$ cat data.txt   # compact mmCIF, C-alpha atoms
# COMPACT_ATOMS: atom_id res chain seq x y z
CA MET A 1 36.48 93.78 85.72
CA ARG A 2 39.01 94.96 88.29
CA LYS A 3 38.51 98.27 90.01
CA ALA A 4 40.99 101.01 89.20
CA PRO A 5 44.27 100.60 91.10
CA LYS A 6 45.00 102.81 94.07
CA GLN A 7 48.06 105.02 93.96
CA ASN A 8 49.97 102.80 96.37
CA GLU A 9 49.18 99.70 94.28
CA LYS A 10 50.78 101.41 91.32
CA PHE A 11 54.09 101.21 93.16
CA ALA A 12 54.27 97.47 92.60
CA CYS A 13 57.02 96.63 90.12
CA SER A 14 55.69 93.09 89.84
CA GLU A 15 52.31 93.96 88.36
CA ASN A 16 51.30 96.46 85.72
CA SER A 17 48.46 98.66 86.92
CA LEU A 18 46.61 98.77 83.61
CA HIS A 19 44.01 96.05 83.59
CA THR A 20 41.08 97.59 81.74
CA ILE A 21 40.38 99.66 78.65
CA ALA A 22 39.09 102.45 80.91
CA GLU A 23 42.39 102.52 82.81
CA MET A 24 44.30 102.65 79.53
CA GLN A 25 42.16 105.53 78.26
CA THR A 26 42.65 107.46 81.50
CA PHE A 27 46.38 106.95 81.23
CA ILE A 28 46.50 108.10 77.60
CA ASP A 29 44.51 111.24 78.42
CA LYS A 30 46.88 112.13 81.27
CA TYR A 31 49.94 111.35 79.16
CA VAL A 32 48.78 113.57 76.29
CA ALA A 33 48.06 116.37 78.77
CA TRP A 34 51.55 115.99 80.24
CA LEU A 35 53.13 116.14 76.77
CA LYS A 36 51.23 119.35 75.97
CA ASP A 37 52.47 120.95 79.17
CA ASN A 38 56.06 119.80 78.78
CA THR A 39 56.89 120.12 75.09
CA MET B 1 45.83 109.92 97.46
CA PRO B 2 49.21 109.22 99.15
CA THR B 3 52.19 111.29 98.10
CA LEU B 4 55.62 109.94 97.20
CA PHE B 5 56.89 111.09 100.59
CA GLU B 6 54.15 109.14 102.34
CA LEU B 7 54.86 105.98 100.41
CA LEU B 8 58.65 106.34 100.34
CA PRO B 9 59.43 108.40 103.47
CA ASN B 10 63.20 108.10 103.04
CA LEU B 11 62.92 110.41 100.03
CA GLN B 12 62.27 113.28 102.42
CA GLU B 13 65.80 113.30 103.80
CA LYS B 14 67.71 113.85 100.55
CA GLY B 15 64.89 114.65 98.15
CA TYR B 16 64.32 113.46 94.62
CA ASP B 17 63.91 114.79 91.10
CA LEU B 18 60.98 113.79 88.93
CA THR B 19 62.34 112.71 85.54
CA SER B 20 59.32 111.35 83.65
CA PRO B 21 55.55 111.37 83.56
CA GLU B 22 53.61 108.39 84.86
CA THR B 23 54.04 105.55 82.37
CA PRO B 24 52.80 101.98 82.69
CA PHE B 25 54.70 100.62 79.69
CA TYR B 26 57.86 99.59 81.55
CA ASN B 27 58.89 98.92 85.12
CA CYS B 28 62.00 99.14 87.29
CA MET B 29 63.72 96.04 85.93
CA ALA B 30 63.14 97.17 82.35
CA TRP B 31 64.46 100.62 83.25
CA ALA B 32 67.50 99.14 84.97
CA ALA B 33 68.17 97.11 81.83
CA GLY B 34 67.66 100.13 79.56
CA ASP B 35 64.34 99.06 78.05
CA THR B 36 61.39 101.50 78.05
CA ALA B 37 59.07 99.42 75.90
CA ARG B 38 58.36 96.34 78.01
CA TRP B 39 57.41 95.32 81.51
CA TRP B 40 60.08 92.91 82.84
CA TRP B 41 58.99 90.48 85.56
CA PRO B 42 59.20 86.69 85.99
CA ASP B 43 55.51 86.15 86.67
CA PRO B 44 54.52 82.49 86.37
CA ASN B 45 51.75 83.20 83.85
CA ASP B 46 54.08 84.58 81.17
CA GLN B 47 52.16 87.86 81.23
CA TYR B 48 55.28 90.01 81.23
CA TYR B 49 58.58 89.94 79.38
CA TRP B 50 61.43 87.95 80.88
CA PRO B 51 64.47 86.92 78.84
CA ALA B 52 64.42 83.39 77.52
CA GLY B 53 66.64 81.03 79.46
CA ILE B 54 66.27 82.86 82.78
CA PRO B 55 64.00 80.98 85.26
CA ARG B 56 60.69 82.70 85.93
CA HIS B 57 61.14 82.69 89.70
CA GLU B 58 60.74 85.72 91.95
CA THR B 59 64.02 85.20 93.76
CA LEU B 60 67.12 87.31 94.28
CA GLN B 61 69.21 84.61 92.60
CA THR B 62 67.08 84.81 89.46
CA PHE B 63 67.36 88.59 89.29
CA ILE B 64 71.12 88.34 89.73
CA LEU B 65 71.21 85.75 86.93
CA LEU B 66 69.20 88.09 84.70
CA LEU B 67 71.65 90.94 85.24
CA LYS B 68 74.64 88.62 84.74
CA ASN B 69 73.04 87.72 81.40
CA ILE B 70 73.36 91.36 80.29
CA GLY B 71 76.91 91.85 81.49
CA TYR B 72 76.68 92.68 85.18
CA THR B 73 78.66 91.04 87.98
CA VAL B 74 78.02 91.23 91.70
CA CYS B 75 80.19 93.88 93.35
CA GLU B 76 81.07 94.98 96.84
CA ASP B 77 79.46 98.37 97.17
CA ALA B 78 77.43 101.16 95.61
CA LYS B 79 80.37 103.57 95.41
CA TYR B 80 80.40 105.54 92.16
CA GLU B 81 83.00 104.29 89.66
CA ASP B 82 83.39 106.33 86.50
CA ALA B 83 84.03 103.32 84.27
CA PHE B 84 81.07 101.26 85.47
CA GLU B 85 77.30 101.43 85.68
CA LYS B 86 75.69 99.84 88.70
CA VAL B 87 72.30 98.40 89.57
CA ALA B 88 70.88 97.86 93.06
CA ILE B 89 68.33 95.10 93.69
CA TYR B 90 65.90 95.60 96.57
CA VAL B 91 64.09 92.76 98.34
CA ASP B 92 61.19 92.54 100.74
CA ASP B 93 62.51 92.35 104.29
CA LEU B 94 60.09 89.57 105.25
CA THR B 95 59.87 87.37 102.16
CA GLY B 96 63.23 88.05 100.53
CA LYS B 97 61.47 88.44 97.18
CA PRO B 98 62.76 91.11 94.81
CA THR B 99 60.65 94.24 94.87
CA HIS B 100 62.58 96.87 92.96
CA ALA B 101 65.75 97.81 91.09
CA ALA B 102 67.53 101.13 90.67
CA ARG B 103 70.34 102.15 88.30
CA GLN B 104 73.20 104.49 89.19
CA VAL B 105 73.42 107.57 87.00
CA ALA B 106 75.99 109.78 88.70
CA TYR B 107 77.91 110.24 91.93
CA GLY B 108 75.39 109.52 94.69
CA ARG B 109 72.43 109.55 92.31
CA TRP B 110 70.25 106.65 91.21
CA THR B 111 67.30 106.42 88.84
CA SER B 112 64.19 104.39 89.58
CA LYS B 113 60.99 103.60 87.76
CA LEU B 114 58.37 103.30 90.48
CA GLY B 115 56.06 100.51 89.33
CA SER B 116 53.47 101.95 86.96
CA LEU B 117 54.21 105.47 88.15
CA VAL B 118 57.01 107.94 87.45
CA ASP B 119 60.80 107.85 87.05
CA ILE B 120 62.76 109.65 89.74
CA GLU B 121 66.40 110.36 90.57
CA HIS B 122 67.25 109.83 94.21
CA ASP B 123 69.77 108.81 96.83
CA ILE B 124 70.31 105.03 96.91
CA ASN B 125 68.48 104.71 100.24
CA GLY B 126 65.68 107.02 99.18
CA VAL B 127 63.47 104.16 98.04
CA SER B 128 64.35 101.72 100.83
CA GLY B 129 61.75 101.07 103.50
CA ARG B 130 58.47 99.33 104.05
CA ARG B 131 57.41 99.36 100.40
CA TYR B 132 60.54 98.22 98.57
CA GLY B 133 62.47 96.74 101.49
CA SER B 134 66.26 96.77 101.57
CA ILE B 135 69.14 96.54 99.13
CA ALA B 136 70.23 92.91 98.78
CA ALA B 137 72.73 93.10 95.93
CA ILE B 138 74.74 95.62 93.95
CA MET B 139 75.96 94.69 90.48
CA LYS B 140 78.09 96.50 87.94
CA ARG B 141 79.20 96.33 84.33
CA PRO B 142 81.62 98.41 82.26
CA LYS B 143 80.08 101.44 80.61
CA GLU B 144 79.87 101.25 76.84

$ encode --input "data.txt" --output "C-alpha cells"
Amino acid sequence: MRKAPKQNEKFACSENSLHTIAEMQTFIDKYVAWLKDNT
Amino acid sequence: MPTLFELLPNLQEKGYDLTSPETPFYNCMAWAAGDTARWWWPDPNDQYYWPAGIPRHETLQTFILLLKNIGYTVCEDAKYEDAFEKVAIYVDDLTGKPTHAARQVAYGRWTSKLGSLVDIEHDINGVSGRRYGSIAAIMKRPKE
C-alpha cells in the first residue's frame, strides 16, 4: 500500500493522488465538509 | 504543508482566485477539454482516460494532436479574442514533457485544475515555474 501523497505530489497532473481506500475516504470526508460550508 | 504560493511562486505577483474544492476526479487536461468526470492522461498502462486514436505518448505533439481532435488549432499568442477559447500547454523545461494545461476564461484570466488539488483562476504566467515549467503552445477554437 502506498503512503498518502504529500501536498506537492498532488500537483502532478500526470498521476491521480488517490491510490488507497483510506485516501478516498479522507477525500470524501473533506469534500462533504466543504459542501456543508459552501452551500 | 506547502502553500500554493510556495509551490507556484509566480501566483504571488498577480494573485489567484480559488474556484473549486480539492477534487481528484479530473485533472488539468480534462478541465481544459471541459470534462469534470475523468482523469485525462496518456499513461502507458491505460490507467487514465485518453481519447481513442490519439497516441498514448507524453509529448507536446501528442497533446497538440489531442486538442486538434476537439477543434483547436495552434495559434500565435495568448491574447484574449472574444470569439475564441484558448488553451495553453505547459512543458517541463528539462524534459520537454507536458506537465499542465490551462484554459482562458476572460481577458487576462485563465483557469487551471492543479493535479488532484483545486481549480484556480490566475494570470497565464501564474502557474509557470519549476513545477509546471513553461508554456510551449497556445491553441484556440471558436466559442460555441

$ closest_atom_pairs --input "data.txt" --of "chain A" --to "chain B" --cutoff "8 Å" --atoms "only C-alpha atoms" --output "JSON lines"
{"residue": "A:Lys6", "atom": "CA", "partner": "B:Met1", "partner_atom": "CA", "distance": 7.9}
{"residue": "A:Gln7", "atom": "CA", "partner": "B:Met1", "partner_atom": "CA", "distance": 6.4}
{"residue": "A:Asn8", "atom": "CA", "partner": "B:Pro2", "partner_atom": "CA", "distance": 7.0}
{"residue": "A:Lys10", "atom": "CA", "partner": "B:Ser116", "partner_atom": "CA", "distance": 5.2}
{"residue": "A:Phe11", "atom": "CA", "partner": "B:Gly115", "partner_atom": "CA", "distance": 4.4}
{"residue": "A:Ala12", "atom": "CA", "partner": "B:Gly115", "partner_atom": "CA", "distance": 4.8}
{"residue": "A:Cys13", "atom": "CA", "partner": "B:Gly115", "partner_atom": "CA", "distance": 4.1}
{"residue": "A:Ser14", "atom": "CA", "partner": "B:Trp41", "partner_atom": "CA", "distance": 6.0}
{"residue": "A:Glu15", "atom": "CA", "partner": "B:Gly115", "partner_atom": "CA", "distance": 7.6}
{"residue": "A:Asn16", "atom": "CA", "partner": "B:Ser116", "partner_atom": "CA", "distance": 6.0}
{"residue": "A:Ser17", "atom": "CA", "partner": "B:Ser116", "partner_atom": "CA", "distance": 6.0}
{"residue": "A:Leu18", "atom": "CA", "partner": "B:Pro24", "partner_atom": "CA", "distance": 7.0}
{"residue": "A:Phe27", "atom": "CA", "partner": "B:Thr23", "partner_atom": "CA", "distance": 7.9}
{"residue": "A:Tyr31", "atom": "CA", "partner": "B:Pro21", "partner_atom": "CA", "distance": 7.1}
{"residue": "A:Trp34", "atom": "CA", "partner": "B:Pro21", "partner_atom": "CA", "distance": 7.0}

$ closest_residue --input "data.txt" --among "B:Pro9, B:Gly108, B:Pro51, B:Gly133" --to "B:Glu121" --atoms "all atoms listed in the file"
B:Gly108

$ atom_distance --input "data.txt" --atom1 "atom CA of B:Glu81" --atom2 "atom CA of B:Arg141"
10.3 Å

$ residues_around --input "data.txt" --residues "B:Ala137" --least-positions-apart "6" --cutoff "12 Å" --atoms "all atoms listed in the file" --output "MDAnalysis selection string"
chainID B and resid 59:65 67 72:78 86:91 96 98 100:102

$ atom_distance --input "data.txt" --atom1 "atom CA of B:Gln104" --atom2 "atom CA of B:Ala52"
25.7 Å

$ atom_distance --input "data.txt" --atom1 "atom CA of B:Met139" --atom2 "atom CA of B:Trp110"
13.3 Å

$ residues_near_point --input "data.txt" --point "(58.4, 115.3, 92.5)" --cutoff "8 Å" --atoms "all atoms listed in the file" --output "PyMOL selection string"
chain B and resi 4+16-18+120

$ closest_residue --input "data.txt" --among "B:Leu94, B:Ile124, B:Ala33, B:Ala83" --to "B:Lys68" --atoms "all atoms listed in the file"
B:Ala33
